[in-house]
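Coordinates from final-v4.txt are shown below (compact mmCIF, C-alpha atoms).
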# COMPACT_ATOMS: atom_id res chain seq x y z
CA PRO A 1 0.00 0.00 0.00
CA ARG A 2 0.98 3.63 -0.65
CA VAL A 3 -0.46 6.91 0.58
CA VAL A 4 -0.33 10.56 -0.53
CA THR A 5 -2.24 13.69 0.46
CA THR A 6 -4.11 15.95 -1.93
CA ALA A 7 -4.93 19.66 -1.85
CA ASP A 8 -7.54 19.24 0.90
CA ASN A 9 -5.03 17.32 3.05
CA ALA A 10 -7.13 14.19 2.66
CA PRO A 11 -5.15 10.94 2.37
CA LEU A 12 -5.50 8.97 -0.84
CA ILE A 13 -4.51 5.32 -0.36
CA MET A 14 -3.47 2.98 -3.18
CA TRP A 15 -2.89 -0.78 -3.23
CA THR A 16 -2.91 -3.68 -5.68
CA LYS A 17 -5.14 -6.71 -6.06
CA THR A 18 -2.85 -9.48 -7.27
CA SER A 19 -5.42 -12.23 -7.76
CA THR A 20 -7.24 -12.43 -11.10
CA PRO A 21 -8.55 -10.04 -12.31
CA LYS A 22 -5.56 -7.94 -11.23
CA SER A 23 -6.20 -4.29 -10.50
CA ILE A 24 -4.93 -1.15 -8.81
CA LYS A 25 -7.35 0.32 -6.31
CA VAL A 26 -7.60 3.58 -4.39
CA SER A 27 -9.71 4.91 -1.56
CA LYS A 28 -9.98 8.56 -0.56
CA SER A 29 -10.82 10.05 2.82
CA ASN A 30 -13.26 12.93 3.24
CA GLY A 31 -11.91 13.67 6.71
CA ASN A 32 -14.27 11.28 8.49
CA SER A 33 -14.28 8.05 6.52
CA PHE A 34 -12.81 6.41 3.43
CA SER A 35 -14.65 5.90 0.17
CA ALA A 36 -15.43 2.48 -1.18
CA PRO A 37 -12.34 1.23 -3.08
CA TYR A 38 -12.40 1.91 -6.80
CA ASP A 39 -10.24 0.66 -9.67
CA ILE A 40 -7.97 3.12 -11.45
CA VAL A 41 -6.31 0.69 -13.89
CA SER A 42 -8.09 -1.78 -16.16
CA SER A 43 -7.44 -5.44 -15.42
CA VAL A 44 -6.81 -5.84 -19.17
CA LEU A 45 -3.41 -4.17 -18.59
CA GLU A 46 -2.49 -6.84 -16.02
CA PRO A 47 -0.77 -4.59 -13.48
CA THR A 48 2.16 -6.56 -12.12
CA GLY A 49 5.62 -6.10 -10.68
CA PHE A 50 8.01 -7.28 -8.02
CA ILE A 51 7.09 -4.48 -5.59
CA GLY A 52 4.03 -2.80 -7.10
CA PRO A 53 2.94 0.62 -8.38
CA GLU A 54 4.01 3.98 -6.99
CA ILE A 55 2.01 7.13 -6.39
CA ALA A 56 3.07 10.77 -5.95
CA SER A 57 1.14 14.03 -5.59
CA LYS A 58 1.42 17.79 -5.59
CA GLY A 59 -1.84 19.43 -4.58
CA ASP A 60 -4.67 17.82 -6.53
CA THR A 61 -2.24 16.53 -9.18
CA VAL A 62 -1.69 12.83 -8.62
CA TYR A 63 0.43 10.44 -10.69
CA VAL A 64 0.59 6.66 -10.57
CA VAL A 65 3.27 4.63 -12.33
CA PHE A 66 2.98 0.87 -12.76
CA LEU A 67 4.24 -2.13 -14.69
CA SER A 68 1.96 -3.90 -17.15
CA GLY A 69 2.34 -7.64 -17.71
CA ARG A 70 0.24 -7.58 -20.89
CA SER A 71 3.34 -7.22 -23.08
CA PRO A 72 6.37 -9.57 -22.95
CA ASN A 73 8.42 -6.40 -22.37
CA ASN A 74 6.41 -5.40 -19.26
CA TYR A 75 5.85 -1.78 -20.25
CA VAL A 76 5.92 1.00 -17.66
CA TYR A 77 2.76 3.13 -17.77
CA LEU A 78 1.71 6.36 -16.08
CA ILE A 79 -1.79 7.61 -15.30
CA SER A 80 -2.66 11.11 -14.09
CA SER A 81 -5.37 12.72 -11.98
CA PHE A 82 -6.01 16.44 -11.66
CA ASP A 83 -8.96 16.24 -9.27
CA GLY A 84 -7.25 14.74 -6.27
CA GLY A 85 -7.53 11.12 -7.37
CA LEU A 86 -11.26 10.98 -8.05
CA THR A 87 -10.72 10.27 -11.75
CA PHE A 88 -7.63 9.22 -13.71
CA SER A 89 -6.50 9.62 -17.30
CA ASP A 90 -5.86 6.91 -19.83
CA THR A 91 -2.42 5.32 -19.72
CA VAL A 92 0.71 6.92 -21.18
CA ARG A 93 3.58 4.56 -21.88
CA VAL A 94 6.81 5.73 -20.24
CA SER A 95 9.27 2.94 -21.12
CA ASP A 96 10.55 2.41 -24.64
CA ASN A 97 10.64 -0.91 -26.49
CA SER A 98 13.45 -2.06 -24.24
CA ASN A 99 12.91 -5.04 -21.98
CA THR A 100 11.92 -4.17 -18.42
CA HIS A 101 10.82 -7.51 -16.91
CA LYS A 102 9.01 -7.81 -13.60
CA PHE A 103 11.97 -6.31 -11.73
CA SER A 104 11.64 -2.95 -13.50
CA MET A 105 10.33 -1.45 -10.23
CA PRO A 106 9.33 1.99 -11.52
CA ASN A 107 9.44 4.92 -9.11
CA LEU A 108 8.09 8.42 -9.25
CA GLU A 109 8.61 11.98 -8.06
CA VAL A 110 6.73 15.22 -8.76
CA ASN A 111 8.92 18.25 -9.43
CA THR A 112 8.35 21.85 -8.38
CA ASP A 113 6.28 22.55 -11.52
CA GLY A 114 3.99 19.59 -10.90
CA ASN A 115 5.50 17.40 -13.62
CA PRO A 116 6.36 13.72 -13.10
CA ILE A 117 9.87 12.25 -13.12
CA VAL A 118 10.01 8.47 -13.52
CA SER A 119 12.80 5.96 -12.92
CA TYR A 120 12.76 2.30 -13.95
CA MET A 121 15.13 -0.53 -14.83
CA THR A 122 15.82 -2.21 -18.17
CA CYS A 123 17.80 -5.31 -19.13
CA THR A 124 18.30 -7.75 -21.98
CA THR A 125 15.88 -10.62 -22.56
CA SER A 126 18.40 -12.88 -20.81
CA TRP A 127 18.24 -10.73 -17.67
CA THR A 128 21.69 -9.15 -18.09
CA ASP A 129 23.04 -5.63 -18.65
CA TRP A 130 20.81 -3.94 -16.10
CA LYS A 131 20.36 -0.16 -16.38
CA GLN A 132 18.68 2.44 -14.18
CA MET A 133 16.77 4.82 -16.48
CA VAL A 134 15.15 8.22 -15.82
CA LYS A 135 12.58 10.08 -17.91
CA VAL A 136 11.01 13.51 -17.34
CA SER A 137 7.72 15.02 -18.51
CA PHE A 138 7.23 18.73 -19.16
CA ASP A 139 3.54 18.54 -20.05
CA TYR A 140 2.07 16.85 -16.96
CA GLY A 141 2.61 13.29 -18.06
CA ASN A 142 1.42 13.45 -21.66
CA THR A 143 4.89 12.89 -23.14
CA PHE A 144 8.34 12.09 -21.77
CA SER A 145 11.94 12.94 -22.56
CA SER A 146 14.46 10.44 -23.88
CA ALA A 147 15.59 7.92 -21.28
CA PHE A 148 18.88 8.68 -19.53
CA ASP A 149 21.01 5.79 -18.26
CA VAL A 150 21.95 7.07 -14.80
CA SER A 151 23.70 3.86 -13.79
CA ALA A 152 26.34 4.34 -16.51
CA LEU A 153 28.00 6.80 -14.13
CA ALA A 154 28.75 4.07 -11.59
CA PRO A 155 31.00 1.00 -11.90
CA GLY A 156 29.37 -2.35 -12.55
CA GLU A 157 25.60 -2.17 -12.94
CA PRO A 158 22.59 -1.48 -10.72
CA CYS A 159 21.42 -4.27 -8.44
CA ASP A 160 18.60 -6.09 -10.23
CA CYS A 161 16.32 -6.52 -7.21
CA CYS A 162 16.48 -3.10 -5.51
CA LYS A 163 14.25 -0.12 -6.14
CA SER A 164 15.62 3.37 -6.72
CA THR A 165 14.45 6.55 -4.98
CA LEU A 166 13.95 9.97 -6.61
CA VAL A 167 13.85 13.41 -5.00
CA ALA A 168 13.57 16.77 -6.76
CA ASN A 169 13.97 20.39 -5.73
CA GLY A 170 13.88 22.92 -8.55
CA ASN A 171 16.32 21.81 -11.25
CA ASP A 172 18.16 19.52 -8.85
CA VAL A 173 17.13 15.87 -9.07
CA PHE A 174 18.78 13.04 -7.15
CA LEU A 175 18.51 9.33 -7.85
CA LEU A 176 19.55 6.89 -5.13
CA PHE A 177 20.11 3.30 -6.24
CA ARG A 178 21.85 0.16 -5.05
CA ASN A 179 24.76 -0.82 -7.24
CA ASN A 180 26.41 -4.16 -8.01
CA ASP A 181 30.14 -3.91 -8.74
CA MET A 182 31.45 -7.49 -8.83
CA ASP A 183 29.04 -8.31 -5.97
CA VAL A 184 30.04 -5.25 -3.91
CA ARG A 185 26.57 -3.81 -3.42
CA ASN A 186 26.86 -0.21 -2.25
CA SER A 187 24.35 2.59 -2.63
CA TYR A 188 25.09 5.36 -5.12
CA VAL A 189 23.48 8.77 -5.46
CA ALA A 190 23.50 10.56 -8.82
CA LYS A 191 22.73 14.24 -9.38
CA SER A 192 21.02 16.09 -12.23
CA SER A 193 21.13 19.88 -12.49
CA ASP A 194 18.77 20.17 -15.46
CA GLY A 195 15.59 18.74 -14.00
CA GLY A 196 16.41 15.09 -14.65
CA LEU A 197 17.21 15.23 -18.38
CA THR A 198 20.84 14.30 -17.75
CA PHE A 199 22.83 13.18 -14.72
CA THR A 200 26.44 14.28 -14.51
CA ILE A 201 27.90 13.14 -11.19
CA THR A 202 27.53 10.16 -8.87
CA ASN A 203 28.95 9.25 -5.50
CA ASP A 204 29.29 5.99 -3.58
Is it possible to express this structure as structure tokens?
Amino acid sequence: PRVVTTADNAPLIMWTKTSTPKSIKVSKSNGNSFSAPYDIVSSVLEPTGFIGPEIASKGDTVYVVFLSGRSPNNYVYLISSFDGGLTFSDTVRVSDNSNTHKFSMPNLEVNTDGNPIVSYMTCTTSWTDWKQMVKVSFDYGNTFSSAFDVSALAPGEPCDCCKSTLVANGNDVFLLFRNNDMDVRNSYVAKSSDGGLTFTITND
């Protein structure tokens, strides 16, 4: 389960139903009680993943990012709400045609302007050459920038079973991820100074 607050300071709670039909559900509080759970993703998309979807908010702008098992590539999708989570948009595909597998573990942050920044992992079809990718939207989740391979800044490759964390403040964006350098698994933090389009430095 995940929780965010919206403009009225009411918590919006999200969780997944993993039995068939799979779905992503939310429930919103009015200050006294929670609404009946309602689906925000069609079961046709087969929401899946090792850890589950993520949710982030800024005021009444709410984004949810999740992994779909409908395609062999397990695409990463984003949906948006601009009424505090009462209704959500259709899906926008974030990941490219690269393979993401069930360990993609997408994560999400909302920047100062209210736009989403998404991180996720890719690999080959043989589960090798893992990469930690970041994409940024400048139109509230309708389109995304080219993917940037943040993990290329660190030795080895990112650990294939550990989720990254994103934080943003103005043009500064930081990605924290667990790395795997010949089985030395330290955490690395990478910094972007252009809103997440590129990352230029990393530290163990």
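The two atoms in question, CA of Thr5 (chain A) and CA of Thr48 (chain A), are spaced 24.2 Å apart.
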Given 3 Å on each side, where is the centre and what are the edge lengths in Å to one decimal of the axis-aligned box enclosing the listed atoms of region 136-152 of chain A, as AutoDock Vina command-line options?
--center_x 13.9 --center_y 11.3 --center_z -18.8 --size_x 30.9 --size_y 20.9 --size_z 16.1
### Summary
Between A:Phe144, A:Phe103, A:Phe174, A:Trp130, smallest distance to Gly49 (chain A) by all atoms listed in the file belongs to A:Phe103
### Task
Rank nothing, just name the residue among A:Val134, A:Leu86, A:Val64, A:Val4 nearest to Ala36 (chain A), using all atoms listed in the file.
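Among the listed residues, A:Leu86 lies closest to Ala36 (chain A).
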### Query
Given the choices A:Ser80, A:Asn73, A:Ser33, A:Asn115, which gets closest to Gly195 (chain A) if the distance is worked out from only C-alpha atoms?
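The closest residue to Gly195 (chain A) is A:Asn115.
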